[in-house]
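Comments concern the structure below.
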Amino acid sequence: MKQLLPFQEAGVNFLSNRYHAALGDEPGLGKTVQAIHAAHRVAARNVLVTCPASVRTNWLAHVEEHFGHIRGWDIISYEGAVAGKARRDQYDVWIGDETHFCKTPDSARTRAIFGRDGLARKATFKWCLSGTFAPNGRPVELYPMLATLCSSFAGCSYVEYTRLYCGAFFDGHGMNVKGATRIAELKTRIGDFILRRTKREVFPGRKAPLISTVALDLSEADLKEVRGEENAIGARPARISGRFEDFSQLGDTSKLLRLLGSAMLPGGIQFIDDLLSSRNKVVVFARHLVVMKELEYRYPTASVYQGGMTDLQKLAAVSRFKSESSCRVFIGQRQAAGTGINGLQDVCSTAVIFEPSWVPGETEQLVDRLDRMGQLDDIVTVYILYARRTLSEIVVKIHERKSSIGAQLLGGE
């Protein structure tokens with residue numbers, strides 16, 4: 001089997017010495033490899049892995065690399081878990097990769113994994129993996145995992161948990177559980193269950209990525225469609241509810257952000273062009289397909305990675321960016337490219353997040369596509385673009401506030 005680094009060996013020991021555990025290392029530190037070694041350490045004959053569909057091929061490749069075969073390993077997506085595709089009633093080890101996919105208590109995925117008859121209850125060893133267990137920096141996102149697997153929360157109801165650690169209160173529409181309270185106490189209670197190391201801890205000489213927000217100063221002419229939509233929304237009743245991430249007209253928010261993405265294209269493309277004058281390659285992450293299509297038109301030799309592609313197509317997109325000198329831009333759809341990509345760091349250390357995200361965990365995953373083992377440059381540089389005096393500026397401010405809460409909860413920089 002592949003030789004482990006000392007911190008990875010410590011991670012293997014942490015998992016293999018616990019029937020229930022969570023490994024929360026920052027992305028890029030090899031959680032997959034540590035879990036595979038831990039399964040070998042406990043002599044597991046039957047292992048079930050649940051993971052996002054986008055990284056299933058990656059898991060298969062890692063298992064085959066370590067054992068020379070995949071016998072005894074069932075690797076299914078979370079959608080497969082919902083559809084009942086697990087082939088056994090009992091496993092020696094269950095590994096939940098990117099377990100934050102099951103952060104919502106009443107979702108089908110969460111019930112399939114952590115429910116009364118969920119897959120996490122059908123194995124002797126149960127290990128959760130994620131670099132962002134609480135993507136929004138909210139303690140409520142940890143509840144399904146902790147209530148099912150962490151002994152210090154045995155018997156702790158959702159009502160009690162949210163009262164203690166989420167500052168739950170009735171906001172006129174329902175219970176608002178988006179807060180964060182008694183963080184030090186919560187961190188102590190999960191201390192023996194979750195192991196988390198940062199890149200700076202395990203590689204002390206490594207520099208933290210340089211993340212900058214870049215304001216694009218759009219004119220009112222650029223924002224004409226955006227302002228028109230804002231006026232249309234403002235003419236309707238607000239119907240605001242604190243139970244939701246935004247106001248209740250989520251379609252309005254989505255449409256505004258899509259229009260903003262298009263409005264930012266001229267200034268954003270100019271910014272990318274300026275970067276390419278001094279960088280050999282640049283990775284660009286965007287959210288909306290209309291924005292990606294415009295970027296593809298501007299950079300016809302770019303490699304594109306988006307949802308709906310097959311695993312082989314995605315691997316080919318990464319390979320082309322790495323191997324072809326003429327392919328200087330990698331365009332990744334934000335959600336699809338946030339996990340499962342490895343290799344961009346071999347040839348690039350500069351990224352542009354074209355449309356900012358509400359969710360700090362999503363941004364961290366994007367940054368970690370470059371800031372991971374194998375990165376040869378001294379520092380990774382990331383630019384988050386937004387338009388001043390628009391909703392995207394509010395997104396950036398909310399993102400920063402959530403990030404500070406997440407750092408207190410699970411550790412960070």
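Here's how to read the names in the structure tokens: chain A, B, ... by the order shown, residue numbers from 1 in each chain, ligand numbers from 1 in the order shown.
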
Non-local contacts of A:Leu164 (9 Å; only C-alpha atoms; under 4 positions in same chain excluded) as a ChimeraX atom specification
/A:159-160,168,180-182,186

Store the residues picked out above in a file with N, CA and C atoms, as a PDB file, in the first residue's frame.
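Result file follows (selection.pdb):
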ATOM      1  N   VAL A 159     -34.617  19.579  19.316  1.00  0.00           N
ATOM      2  CA  VAL A 159     -35.062  20.778  20.043  1.00  0.00           C
ATOM      3  C   VAL A 159     -34.026  21.195  21.079  1.00  0.00           C
ATOM      4  N   GLU A 160     -33.527  20.225  21.849  1.00  0.00           N
ATOM      5  CA  GLU A 160     -32.531  20.541  22.873  1.00  0.00           C
ATOM      6  C   GLU A 160     -31.233  21.039  22.237  1.00  0.00           C
ATOM      7  N   ALA A 168     -31.908  28.882  19.165  1.00  0.00           N
ATOM      8  CA  ALA A 168     -33.204  28.760  18.486  1.00  0.00           C
ATOM      9  C   ALA A 168     -34.245  29.701  19.090  1.00  0.00           C
ATOM     10  N   ALA A 180     -25.492  30.602  16.298  1.00  0.00           N
ATOM     11  CA  ALA A 180     -24.371  29.822  16.839  1.00  0.00           C
ATOM     12  C   ALA A 180     -24.105  30.301  18.258  1.00  0.00           C
ATOM     13  N   THR A 181     -24.354  29.447  19.242  1.00  0.00           N
ATOM     14  CA  THR A 181     -24.166  29.809  20.646  1.00  0.00           C
ATOM     15  C   THR A 181     -23.402  28.706  21.369  1.00  0.00           C
ATOM     16  N   ARG A 182     -22.736  29.074  22.466  1.00  0.00           N
ATOM     17  CA  ARG A 182     -21.976  28.129  23.306  1.00  0.00           C
ATOM     18  C   ARG A 182     -21.010  27.297  22.455  1.00  0.00           C
ATOM     19  N   LEU A 186     -19.591  23.305  22.656  1.00  0.00           N
ATOM     20  CA  LEU A 186     -19.823  22.356  21.572  1.00  0.00           C
ATOM     21  C   LEU A 186     -18.506  21.785  21.057  1.00  0.00           C
TER      22      LEU A 186
END

Exercise: A:Tyr165 partners within 12 Å, only C-alpha atoms, chain neighbours under 6 positions left out, as a list of chain:residue names
A:Arg138, A:Pro139, A:Val140, A:Glu141, A:Leu142, A:Tyr143, A:Cys156, A:Tyr158, A:Val159, A:Val177, A:Lys178, A:Gly179, A:Ala180, A:Thr181, A:Arg182, A:Ile183, A:Ala184, A:Glu185, A:Leu186, A:Lys187, A:Arg189, A:Leu409

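The closest residue to A:Trp127, picked from A:Ser303, A:Asn231, A:Thr57, A:Thr148 and counting only C-alpha atoms, is A:Thr148.
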
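For A:Pro135, the residues within 10 Å (counting only C-alpha atoms, excluding itself and residues fewer than 2 positions away along the chain) are His100, Phe101, Lys103, Ser130, Gly131, Thr132, Phe133, Gly137, Arg138, Pro139, Glu141, Leu142, Trp358, Val359, Pro360, Gly361, Glu362, Thr363, Glu364, Gln365, Lys402, Ser403 and Gly406 of chain A.
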
Which neighbours of A:Ala108 fall inside 12 Å, counting only C-alpha atoms, when residues of the same chain fewer than 2 positions from it are skipped, and could you give them as a PyMOL selection string?
chain A and resi 78-84+101-106+110-115+118

Pick out the residues sitting within 6 Å of stretch 257-270 of chain A, and hand them over as a VMD selection string; count only C-alpha atoms, and ignore anything fewer than 3 positions along from it in its own chain.
chain A and resid 222 226 254 273 291

Looking at only C-alpha atoms, which of A:Thr99, A:Lys122, A:Asp117, A:Phe354 is the one that sits closest to A:Arg87?
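Of A:Thr99, A:Lys122, A:Asp117, A:Phe354, the one nearest A:Arg87, counting only C-alpha atoms, is A:Lys122.
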
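Within stretch 174-378 of chain A, DSSP run on the backbone puts these residues in strand (DSSP E): Met175, Asn176, Ile194, Leu195, Leu210, Ile211, Ser212, Thr213, Val214, Ala215, Leu216, Val282, Val283, Val284, Phe285, Ala286, Ser303, Val304, Tyr305, Val329, Phe330, Ile331, Gly332, Gln333, Thr350, Ala351, Val352 and Ile353 of chain A.
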
Could you state the separation of atom CA of A:Gly191 and atom CA of A:Ala21 in Å, given to one decimal place?
10.4 Å

Write out as JSON, numbers by chain each polymer residue whose atoms come within 7 Å of stretch 377-394 of chain A, counting only C-alpha atoms; drop sequence neighbours fewer than 6 positions from it.
{"A": [207, 208, 209, 210, 211, 212, 213, 214, 215, 216, 217, 218, 264, 349, 350, 351, 352, 353, 354, 355, 356, 367, 370, 371]}

Taking into account only C-alpha atoms, which residue in the set A:Tyr299, A:Ala43, A:Tyr161, A:Glu229 is nearest to A:Thr253?
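Of A:Tyr299, A:Ala43, A:Tyr161, A:Glu229, the one nearest A:Thr253 is A:Glu229, counting only C-alpha atoms.
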
Those of stretch 109-267 of chain A in DSSP alpha helix (DSSP H), formatted as a PyMOL selection string
chain A and resi 109-114+143-149+158-165+183-189+199-202+224-234+250-263+265-267

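One finds atom CA of A:Ile341 at 19.8 Å from atom CA of A:Glu296.
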